[in-house]
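Undergrad: Right, I'll just put the structure down here and ask away after.
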Amino acid sequence: MAPPIPTFPVPHLPLETSTLPNGKPRKPAIDLERDCAPKQLTQYKCNIDPKKKNKEGKKPLIVCLPVVRFYRACPDGLHVETTVWEAWKERIKTAEKA
Amino acid sequence: MLKCAQIGLIGHFFIKYFYCIASTSGVSMLPTLPHHYGRGFPPLLLVSMRHRYGRDVAVGDIIVFEHPMQPRQRACKRIIGMPGDLVCVVTPGKRDEDVGKEEDPSKEFTTFRDDMIRVPEGHCWVAGDNLDWSRDSRLFGPLPLALVYGKVLAVIFPFQDAKWFGWRSALRDVAGSGGEPQWVSL
């Protein structure tokens, strides 16, 4: 088993991207929005359709709802998942406008 | 006799270091990989062993690996993060006792939390495509790259579900992704 990994809150993401895994500053520094291309990966939540699962002798219908994960692919090969960060950023912008 | 031994050795070399066919079971990679319930023969995958120990694998690739919690059992999941990458913390999927639960008002299952982690060196972060019914890095943590057997290139059986994943990453450009992802029914 791998050792426990510390988590950090989403607002600290720019700070984490500006440092290397060994704690040293990343050179040149990365700006997620300016330097890293937005990407997406689609996964799913598949469950048996509750309306059709009780019919005898018939195969249940499995319905898969998409779950889109957003990434930023940076030039040095770093991939940062920004699914929550993008939503958090939008919330901040909306709050500032209001 | 010598010829049989030679053929056997060449076959072993090819299967061990180049390509092999592996079977899979379970629902954790639906709808990307088919399940085998009610079908008899399990689905077969073409696996590239050139990617063993995590060589040249990338975010979005589907890999076969030795399960870190169940030694000698293989599992198949998608890579979400490579060493040094930053990934979101997502709550685990459902368990056997949650089969009857249709509603999830408390957002207990497969919910993105406001926390992130950095994938440690020498490891990757994996998740099944069927996030609600997958036991993956959300349960057993980062996966050592040394446990990676290979990368899945294609589904070759059943023939109606055959598909080629190829060498390209599953990550798509947001702008050119071809519209919103759709519901899938199986």
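Ordering of the structure tokens sets the chain letters (A, B, ...); residue numbers start at 1 within each chain; ligands are numbered from 1 in the order shown.
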Any idea which chain A residues end up within 10 Å of chain B if we count only C-alpha atoms, as a PDB file with N, CA and C atoms, in the first residue's frame please?

TA:
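Okay, result-v4.pdb is ready:
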```pdb
ATOM      1  N   MET A   1       0.840  -1.196   0.000  1.00  0.00           N
ATOM      2  CA  MET A   1       0.000   0.000   0.000  1.00  0.00           C
ATOM      3  C   MET A   1       0.871   1.240   0.000  1.00  0.00           C
ATOM      4  N   ALA A   2       0.413   2.199  -0.759  1.00  0.00           N
ATOM      5  CA  ALA A   2       1.132   3.476  -0.827  1.00  0.00           C
ATOM      6  C   ALA A   2       0.892   4.262   0.465  1.00  0.00           C
ATOM      7  N   PRO A   3       1.839   5.097   0.844  1.00  0.00           N
ATOM      8  CA  PRO A   3       1.634   5.908   2.048  1.00  0.00           C
ATOM      9  C   PRO A   3       0.522   6.934   1.836  1.00  0.00           C
ATOM     10  N   PRO A   4      -0.094   7.423   2.912  1.00  0.00           N
ATOM     11  CA  PRO A   4      -1.140   8.450   2.771  1.00  0.00           C
ATOM     12  C   PRO A   4      -0.579   9.702   2.094  1.00  0.00           C
ATOM     13  N   ILE A   5      -1.406  10.347   1.306  1.00  0.00           N
ATOM     14  CA  ILE A   5      -0.963  11.535   0.575  1.00  0.00           C
ATOM     15  C   ILE A   5      -1.679  12.751   1.150  1.00  0.00           C
ATOM     16  N   PRO A   6      -0.961  13.830   1.409  1.00  0.00           N
ATOM     17  CA  PRO A   6      -1.650  15.036   1.908  1.00  0.00           C
ATOM     18  C   PRO A   6      -2.496  15.663   0.811  1.00  0.00           C
ATOM     19  N   THR A   7      -3.636  16.200   1.195  1.00  0.00           N
ATOM     20  CA  THR A   7      -4.487  16.908   0.233  1.00  0.00           C
ATOM     21  C   THR A   7      -4.280  18.407   0.418  1.00  0.00           C
ATOM     22  N   PHE A   8      -4.671  19.163  -0.588  1.00  0.00           N
ATOM     23  CA  PHE A   8      -4.639  20.628  -0.457  1.00  0.00           C
ATOM     24  C   PHE A   8      -5.939  21.178  -1.034  1.00  0.00           C
ATOM     25  N   PRO A   9      -6.408  22.318  -0.528  1.00  0.00           N
ATOM     26  CA  PRO A   9      -7.674  22.860  -1.030  1.00  0.00           C
ATOM     27  C   PRO A   9      -7.531  23.403  -2.451  1.00  0.00           C
ATOM     28  N   VAL A  10      -8.619  23.379  -3.196  1.00  0.00           N
ATOM     29  CA  VAL A  10      -8.605  23.794  -4.605  1.00  0.00           C
ATOM     30  C   VAL A  10      -8.064  25.209  -4.816  1.00  0.00           C
ATOM     31  N   PRO A  11      -8.405  26.207  -3.959  1.00  0.00           N
ATOM     32  CA  PRO A  11      -7.847  27.560  -4.199  1.00  0.00           C
ATOM     33  C   PRO A  11      -6.319  27.608  -4.177  1.00  0.00           C
ATOM     34  N   HIS A  12      -5.670  26.603  -3.600  1.00  0.00           N
ATOM     35  CA  HIS A  12      -4.201  26.592  -3.546  1.00  0.00           C
ATOM     36  C   HIS A  12      -3.572  26.005  -4.827  1.00  0.00           C
ATOM     37  N   LEU A  13      -4.410  25.702  -5.807  1.00  0.00           N
ATOM     38  CA  LEU A  13      -3.897  25.026  -7.005  1.00  0.00           C
ATOM     39  C   LEU A  13      -2.797  25.819  -7.734  1.00  0.00           C
ATOM     40  N   GLU A  16       0.404  25.309  -5.958  1.00  0.00           N
ATOM     41  CA  GLU A  16       0.953  23.959  -6.113  1.00  0.00           C
ATOM     42  C   GLU A  16       1.567  23.759  -7.499  1.00  0.00           C
ATOM     43  N   THR A  17       0.953  24.360  -8.535  1.00  0.00           N
ATOM     44  CA  THR A  17       1.516  24.203  -9.880  1.00  0.00           C
ATOM     45  C   THR A  17       2.815  24.984 -10.042  1.00  0.00           C
ATOM     46  N   LEU A  20       7.594  22.362  -7.717  1.00  0.00           N
ATOM     47  CA  LEU A  20       7.874  20.994  -8.159  1.00  0.00           C
ATOM     48  C   LEU A  20       7.555  20.014  -7.033  1.00  0.00           C
ATOM     49  N   PRO A  21       7.443  18.704  -7.352  1.00  0.00           N
ATOM     50  CA  PRO A  21       7.163  17.736  -6.282  1.00  0.00           C
ATOM     51  C   PRO A  21       8.182  17.777  -5.141  1.00  0.00           C
ATOM     52  N   ASN A  22       9.430  18.191  -5.429  1.00  0.00           N
ATOM     53  CA  ASN A  22      10.444  18.250  -4.365  1.00  0.00           C
ATOM     54  C   ASN A  22      10.382  19.554  -3.566  1.00  0.00           C
ATOM     55  N   ALA A  37      -3.092  23.965 -22.165  1.00  0.00           N
ATOM     56  CA  ALA A  37      -4.252  23.752 -23.048  1.00  0.00           C
ATOM     57  C   ALA A  37      -5.367  23.040 -22.296  1.00  0.00           C
ATOM     58  N   PRO A  38      -6.597  23.526 -22.459  1.00  0.00           N
ATOM     59  CA  PRO A  38      -7.723  22.822 -21.804  1.00  0.00           C
ATOM     60  C   PRO A  38      -8.048  21.518 -22.514  1.00  0.00           C
ATOM     61  N   LYS A  39      -8.240  20.463 -21.739  1.00  0.00           N
ATOM     62  CA  LYS A  39      -8.572  19.132 -22.275  1.00  0.00           C
ATOM     63  C   LYS A  39      -9.734  18.570 -21.465  1.00  0.00           C
ATOM     64  N   GLN A  40     -10.345  17.553 -21.977  1.00  0.00           N
ATOM     65  CA  GLN A  40     -11.411  16.900 -21.221  1.00  0.00           C
ATOM     66  C   GLN A  40     -11.382  15.393 -21.423  1.00  0.00           C
ATOM     67  N   LEU A  41     -11.847  14.704 -20.399  1.00  0.00           N
ATOM     68  CA  LEU A  41     -11.909  13.242 -20.410  1.00  0.00           C
ATOM     69  C   LEU A  41     -13.287  12.857 -19.887  1.00  0.00           C
ATOM     70  N   THR A  42     -13.996  12.036 -20.634  1.00  0.00           N
ATOM     71  CA  THR A  42     -15.357  11.678 -20.223  1.00  0.00           C
ATOM     72  C   THR A  42     -15.368  10.309 -19.558  1.00  0.00           C
ATOM     73  N   GLN A  43     -15.884  10.265 -18.345  1.00  0.00           N
ATOM     74  CA  GLN A  43     -16.157   9.001 -17.667  1.00  0.00           C
ATOM     75  C   GLN A  43     -17.657   8.930 -17.410  1.00  0.00           C
ATOM     76  N   TYR A  44     -18.106   7.919 -16.721  1.00  0.00           N
ATOM     77  CA  TYR A  44     -19.550   7.703 -16.620  1.00  0.00           C
ATOM     78  C   TYR A  44     -19.947   7.218 -15.229  1.00  0.00           C
ATOM     79  N   LYS A  45     -21.246   7.347 -14.947  1.00  0.00           N
ATOM     80  CA  LYS A  45     -21.869   6.682 -13.795  1.00  0.00           C
ATOM     81  C   LYS A  45     -22.942   5.780 -14.372  1.00  0.00           C
ATOM     82  N   CYS A  46     -22.683   4.474 -14.349  1.00  0.00           N
ATOM     83  CA  CYS A  46     -23.619   3.529 -14.953  1.00  0.00           C
ATOM     84  C   CYS A  46     -24.423   2.828 -13.870  1.00  0.00           C
ATOM     85  N   ASN A  47     -25.730   2.847 -14.015  1.00  0.00           N
ATOM     86  CA  ASN A  47     -26.612   2.167 -13.070  1.00  0.00           C
ATOM     87  C   ASN A  47     -27.771   1.538 -13.827  1.00  0.00           C
ATOM     88  N   ILE A  48     -28.393   0.547 -13.188  1.00  0.00           N
ATOM     89  CA  ILE A  48     -29.552  -0.093 -13.804  1.00  0.00           C
ATOM     90  C   ILE A  48     -30.716   0.885 -13.758  1.00  0.00           C
ATOM     91  N   ASP A  49     -31.401   1.020 -14.896  1.00  0.00           N
ATOM     92  CA  ASP A  49     -32.556   1.914 -14.970  1.00  0.00           C
ATOM     93  C   ASP A  49     -33.633   1.407 -14.016  1.00  0.00           C
ATOM     94  N   PRO A  50     -33.991   2.177 -12.971  1.00  0.00           N
ATOM     95  CA  PRO A  50     -34.950   1.665 -11.970  1.00  0.00           C
ATOM     96  C   PRO A  50     -36.312   1.363 -12.558  1.00  0.00           C
ATOM     97  N   LYS A  59     -33.290  -8.522 -19.879  1.00  0.00           N
ATOM     98  CA  LYS A  59     -32.036  -7.963 -19.372  1.00  0.00           C
ATOM     99  C   LYS A  59     -32.287  -6.544 -18.879  1.00  0.00           C
ATOM    100  N   PRO A  60     -31.724  -6.179 -17.731  1.00  0.00           N
ATOM    101  CA  PRO A  60     -31.945  -4.809 -17.248  1.00  0.00           C
ATOM    102  C   PRO A  60     -31.269  -3.803 -18.175  1.00  0.00           C
ATOM    103  N   LEU A  61     -31.867  -2.632 -18.261  1.00  0.00           N
ATOM    104  CA  LEU A  61     -31.282  -1.567 -19.071  1.00  0.00           C
ATOM    105  C   LEU A  61     -30.286  -0.795 -18.205  1.00  0.00           C
ATOM    106  N   ILE A  62     -29.065  -0.686 -18.666  1.00  0.00           N
ATOM    107  CA  ILE A  62     -28.042   0.060 -17.933  1.00  0.00           C
ATOM    108  C   ILE A  62     -27.901   1.426 -18.580  1.00  0.00           C
ATOM    109  N   VAL A  63     -28.058   2.456 -17.766  1.00  0.00           N
ATOM    110  CA  VAL A  63     -27.949   3.823 -18.280  1.00  0.00           C
ATOM    111  C   VAL A  63     -26.688   4.456 -17.708  1.00  0.00           C
ATOM    112  N   CYS A  64     -25.878   5.029 -18.580  1.00  0.00           N
ATOM    113  CA  CYS A  64     -24.620   5.651 -18.157  1.00  0.00           C
ATOM    114  C   CYS A  64     -24.713   7.170 -18.325  1.00  0.00           C
ATOM    115  N   LEU A  65     -24.566   7.885 -17.223  1.00  0.00           N
ATOM    116  CA  LEU A  65     -24.571   9.347 -17.275  1.00  0.00           C
ATOM    117  C   LEU A  65     -23.126   9.834 -17.371  1.00  0.00           C
ATOM    118  N   PRO A  66     -22.841  10.761 -18.265  1.00  0.00           N
ATOM    119  CA  PRO A  66     -21.447  11.211 -18.417  1.00  0.00           C
ATOM    120  C   PRO A  66     -20.974  12.057 -17.244  1.00  0.00           C
ATOM    121  N   VAL A  67     -19.719  11.869 -16.895  1.00  0.00           N
ATOM    122  CA  VAL A  67     -19.031  12.699 -15.896  1.00  0.00           C
ATOM    123  C   VAL A  67     -17.788  13.252 -16.607  1.00  0.00           C
ATOM    124  N   VAL A  68     -17.784  14.536 -16.868  1.00  0.00           N
ATOM    125  CA  VAL A  68     -16.676  15.111 -17.631  1.00  0.00           C
ATOM    126  C   VAL A  68     -15.615  15.641 -16.673  1.00  0.00           C
ATOM    127  N   ARG A  69     -14.379  15.179 -16.874  1.00  0.00           N
ATOM    128  CA  ARG A  69     -13.246  15.672 -16.069  1.00  0.00           C
ATOM    129  C   ARG A  69     -12.460  16.629 -16.952  1.00  0.00           C
ATOM    130  N   PHE A  70     -12.186  17.807 -16.418  1.00  0.00           N
ATOM    131  CA  PHE A  70     -11.426  18.807 -17.173  1.00  0.00           C
ATOM    132  C   PHE A  70      -9.968  18.798 -16.725  1.00  0.00           C
ATOM    133  N   TYR A  71      -9.097  19.003 -17.700  1.00  0.00           N
ATOM    134  CA  TYR A  71      -7.656  19.011 -17.439  1.00  0.00           C
ATOM    135  C   TYR A  71      -7.027  20.250 -18.055  1.00  0.00           C
ATOM    136  N   ARG A  72      -5.858  20.577 -17.603  1.00  0.00           N
ATOM    137  CA  ARG A  72      -4.977  21.523 -18.281  1.00  0.00           C
ATOM    138  C   ARG A  72      -3.681  20.775 -18.571  1.00  0.00           C
ATOM    139  N   ALA A  73      -3.345  20.689 -19.858  1.00  0.00           N
ATOM    140  CA  ALA A  73      -2.115  20.003 -20.265  1.00  0.00           C
ATOM    141  C   ALA A  73      -1.028  21.047 -20.480  1.00  0.00           C
ATOM    142  N   GLY A  77       4.573  18.642 -19.833  1.00  0.00           N
ATOM    143  CA  GLY A  77       4.004  17.317 -19.612  1.00  0.00           C
ATOM    144  C   GLY A  77       3.152  17.218 -18.370  1.00  0.00           C
ATOM    145  N   LEU A  78       3.116  18.271 -17.564  1.00  0.00           N
ATOM    146  CA  LEU A  78       2.282  18.252 -16.356  1.00  0.00           C
ATOM    147  C   LEU A  78       0.805  18.297 -16.757  1.00  0.00           C
ATOM    148  N   HIS A  79       0.008  17.410 -16.152  1.00  0.00           N
ATOM    149  CA  HIS A  79      -1.440  17.439 -16.337  1.00  0.00           C
ATOM    150  C   HIS A  79      -2.080  17.827 -15.001  1.00  0.00           C
ATOM    151  N   VAL A  80      -2.933  18.813 -15.050  1.00  0.00           N
ATOM    152  CA  VAL A  80      -3.618  19.265 -13.842  1.00  0.00           C
ATOM    153  C   VAL A  80      -5.113  19.102 -14.064  1.00  0.00           C
ATOM    154  N   GLU A  81      -5.753  18.335 -13.173  1.00  0.00           N
ATOM    155  CA  GLU A  81      -7.208  18.192 -13.295  1.00  0.00           C
ATOM    156  C   GLU A  81      -7.857  19.434 -12.706  1.00  0.00           C
ATOM    157  N   THR A  82      -8.641  20.117 -13.543  1.00  0.00           N
ATOM    158  CA  THR A  82      -9.200  21.405 -13.111  1.00  0.00           C
ATOM    159  C   THR A  82     -10.722  21.344 -12.999  1.00  0.00           C
ATOM    160  N   THR A  83     -11.278  20.147 -12.877  1.00  0.00           N
ATOM    161  CA  THR A  83     -12.744  20.005 -12.836  1.00  0.00           C
ATOM    162  C   THR A  83     -13.351  20.898 -11.758  1.00  0.00           C
ATOM    163  N   VAL A  84     -12.830  20.836 -10.551  1.00  0.00           N
ATOM    164  CA  VAL A  84     -13.388  21.619  -9.452  1.00  0.00           C
ATOM    165  C   VAL A  84     -12.874  23.056  -9.520  1.00  0.00           C
ATOM    166  N   TRP A  85     -11.625  23.217  -9.939  1.00  0.00           N
ATOM    167  CA  TRP A  85     -11.024  24.552  -9.983  1.00  0.00           C
ATOM    168  C   TRP A  85     -11.762  25.461 -10.964  1.00  0.00           C
ATOM    169  N   TRP A  88     -14.959  26.471  -9.364  1.00  0.00           N
ATOM    170  CA  TRP A  88     -14.681  27.404  -8.260  1.00  0.00           C
ATOM    171  C   TRP A  88     -14.379  28.798  -8.810  1.00  0.00           C
TER     172      TRP A  88
END
```

Undergrad: Suppose you want the space between atom CA of A:Thr94 and atom CA of A:Leu15; what is it in Å?

TA: 22.5 Å

Undergrad: Just the helix (DSSP H, G or I) stuff from stretch 5-52 of chain A, please, per backbone DSSP, written as an mmCIF file with N, CA and C atoms, in the first residue's frame.

TA:
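Final output, saved to selection-v5.cif:
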```
data_model
loop_
_atom_site.group_PDB
_atom_site.id
_atom_site.type_symbol
_atom_site.label_atom_id
_atom_site.label_comp_id
_atom_site.auth_asym_id
_atom_site.auth_seq_id
_atom_site.Cartn_x
_atom_site.Cartn_y
_atom_site.Cartn_z
ATOM 1 N N VAL A 10 -8.619 23.379 -3.196
ATOM 2 C CA VAL A 10 -8.605 23.794 -4.605
ATOM 3 C C VAL A 10 -8.064 25.209 -4.816
ATOM 4 N N PRO A 11 -8.405 26.207 -3.959
ATOM 5 C CA PRO A 11 -7.847 27.560 -4.199
ATOM 6 C C PRO A 11 -6.319 27.608 -4.177
ATOM 7 N N HIS A 12 -5.670 26.603 -3.600
ATOM 8 C CA HIS A 12 -4.201 26.592 -3.546
ATOM 9 C C HIS A 12 -3.572 26.005 -4.827
ATOM 10 N N LEU A 13 -4.410 25.702 -5.807
ATOM 11 C CA LEU A 13 -3.897 25.026 -7.005
ATOM 12 C C LEU A 13 -2.797 25.819 -7.734
ATOM 13 N N PRO A 14 -2.978 27.132 -7.985
ATOM 14 C CA PRO A 14 -1.899 27.873 -8.659
ATOM 15 C C PRO A 14 -0.572 27.816 -7.881
ATOM 16 N N LEU A 15 -0.667 27.823 -6.552
ATOM 17 C CA LEU A 15 0.545 27.739 -5.721
ATOM 18 C C LEU A 15 1.219 26.379 -5.903
ATOM 19 N N GLU A 16 0.404 25.309 -5.958
ATOM 20 C CA GLU A 16 0.953 23.959 -6.113
ATOM 21 C C GLU A 16 1.567 23.759 -7.499
ATOM 22 N N THR A 17 0.953 24.360 -8.535
ATOM 23 C CA THR A 17 1.516 24.203 -9.880
ATOM 24 C C THR A 17 2.815 24.984 -10.042
ATOM 25 N N LEU A 32 -1.745 28.464 -15.348
ATOM 26 C CA LEU A 32 -2.636 27.414 -15.862
ATOM 27 C C LEU A 32 -3.481 27.894 -17.039
ATOM 28 N N GLU A 33 -4.030 29.115 -16.913
ATOM 29 C CA GLU A 33 -4.945 29.599 -17.962
ATOM 30 C C GLU A 33 -4.195 30.035 -19.212
ATOM 31 N N ARG A 34 -3.004 30.577 -19.028
ATOM 32 C CA ARG A 34 -2.260 31.137 -20.165
ATOM 33 C C ARG A 34 -1.426 30.058 -20.887
ATOM 34 N N ASP A 35 -0.788 29.186 -20.127
ATOM 35 C CA ASP A 35 0.205 28.268 -20.711
ATOM 36 C C ASP A 35 -0.311 26.858 -20.990
#
```

Undergrad: Do you know which residues are at most 6 Å from stretch 40-43 of chain B counting only C-alpha atoms, after dropping those on the same chain fewer than 4 positions away, and could you put them as a VMD selection string?

TA: chain B and resid 23 to 24 36 157 to 158

Undergrad: I need the chosen residues saved as a PDB file, in the first residue's frame, with all heavy atoms.

TA:
```pdb
ATOM      1  N   SER B  23      -8.299 -11.509 -20.868  1.00  0.00           N
ATOM      2  CA  SER B  23      -9.744 -11.433 -20.644  1.00  0.00           C
ATOM      3  C   SER B  23     -10.017 -10.464 -19.511  1.00  0.00           C
ATOM      4  O   SER B  23      -9.144 -10.142 -18.709  1.00  0.00           O
ATOM      5  CB  SER B  23     -10.299 -12.816 -20.302  1.00  0.00           C
ATOM      6  OG  SER B  23      -9.736 -13.261 -19.087  1.00  0.00           O
ATOM      7  N   THR B  24     -11.248  -9.970 -19.471  1.00  0.00           N
ATOM      8  CA  THR B  24     -11.636  -9.034 -18.416  1.00  0.00           C
ATOM      9  C   THR B  24     -13.028  -9.397 -17.928  1.00  0.00           C
ATOM     10  O   THR B  24     -13.763 -10.127 -18.598  1.00  0.00           O
ATOM     11  CB  THR B  24     -11.598  -7.589 -18.933  1.00  0.00           C
ATOM     12  OG1 THR B  24     -11.954  -6.698 -17.875  1.00  0.00           O
ATOM     13  CG2 THR B  24     -12.569  -7.373 -20.086  1.00  0.00           C
ATOM     14  N   HIS B  36     -19.427  -9.121 -18.858  1.00  0.00           N
ATOM     15  CA  HIS B  36     -19.689 -10.468 -19.395  1.00  0.00           C
ATOM     16  C   HIS B  36     -20.892 -11.122 -18.743  1.00  0.00           C
ATOM     17  O   HIS B  36     -21.174 -12.288 -19.011  1.00  0.00           O
ATOM     18  CB  HIS B  36     -18.447 -11.346 -19.219  1.00  0.00           C
ATOM     19  CG  HIS B  36     -18.267 -11.879 -17.836  1.00  0.00           C
ATOM     20  ND1 HIS B  36     -17.918 -11.069 -16.782  1.00  0.00           N
ATOM     21  CD2 HIS B  36     -18.402 -13.134 -17.320  1.00  0.00           C
ATOM     22  CE1 HIS B  36     -17.823 -11.802 -15.687  1.00  0.00           C
ATOM     23  NE2 HIS B  36     -18.115 -13.047 -15.969  1.00  0.00           N
ATOM     24  N   PHE B 157     -13.145  -8.992 -28.557  1.00  0.00           N
ATOM     25  CA  PHE B 157     -14.304  -9.880 -28.407  1.00  0.00           C
ATOM     26  C   PHE B 157     -15.141  -9.396 -27.238  1.00  0.00           C
ATOM     27  O   PHE B 157     -14.556  -8.980 -26.237  1.00  0.00           O
ATOM     28  CB  PHE B 157     -13.841 -11.329 -28.164  1.00  0.00           C
ATOM     29  CG  PHE B 157     -14.974 -12.308 -28.115  1.00  0.00           C
ATOM     30  CD1 PHE B 157     -15.508 -12.841 -29.279  1.00  0.00           C
ATOM     31  CD2 PHE B 157     -15.540 -12.673 -26.894  1.00  0.00           C
ATOM     32  CE1 PHE B 157     -16.570 -13.729 -29.215  1.00  0.00           C
ATOM     33  CE2 PHE B 157     -16.596 -13.558 -26.837  1.00  0.00           C
ATOM     34  CZ  PHE B 157     -17.109 -14.082 -28.002  1.00  0.00           C
ATOM     35  N   PRO B 158     -16.447  -9.402 -27.283  1.00  0.00           N
ATOM     36  CA  PRO B 158     -17.333  -9.841 -28.367  1.00  0.00           C
ATOM     37  C   PRO B 158     -17.234  -8.918 -29.581  1.00  0.00           C
ATOM     38  O   PRO B 158     -16.971  -7.726 -29.439  1.00  0.00           O
ATOM     39  CB  PRO B 158     -18.727  -9.789 -27.728  1.00  0.00           C
ATOM     40  CG  PRO B 158     -18.605  -8.860 -26.593  1.00  0.00           C
ATOM     41  CD  PRO B 158     -17.206  -8.955 -26.088  1.00  0.00           C
TER      42      PRO B 158
END
```

Undergrad: Taking the chain letters and numbering used in this document, name the residues of stretch 34-137 of chain B that DSSP puts in strand (DSSP E), as a ChimeraX atom specification.

TA: /B:44-48,62-66,74-81,86-90,112-118,123-127

Undergrad: What gap, in Å, lies between atom CA of A:Gly23 and atom CA of A:Asp76?

TA: 16.9 Å

Undergrad: Quote the spacing between atom CA of B:Cys124 and atom CA of B:Trp164 in Å to one decimal place.

TA: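 Computed distance, atom CA of B:Cys124 to atom CA of B:Trp164, equals 23.3 Å.
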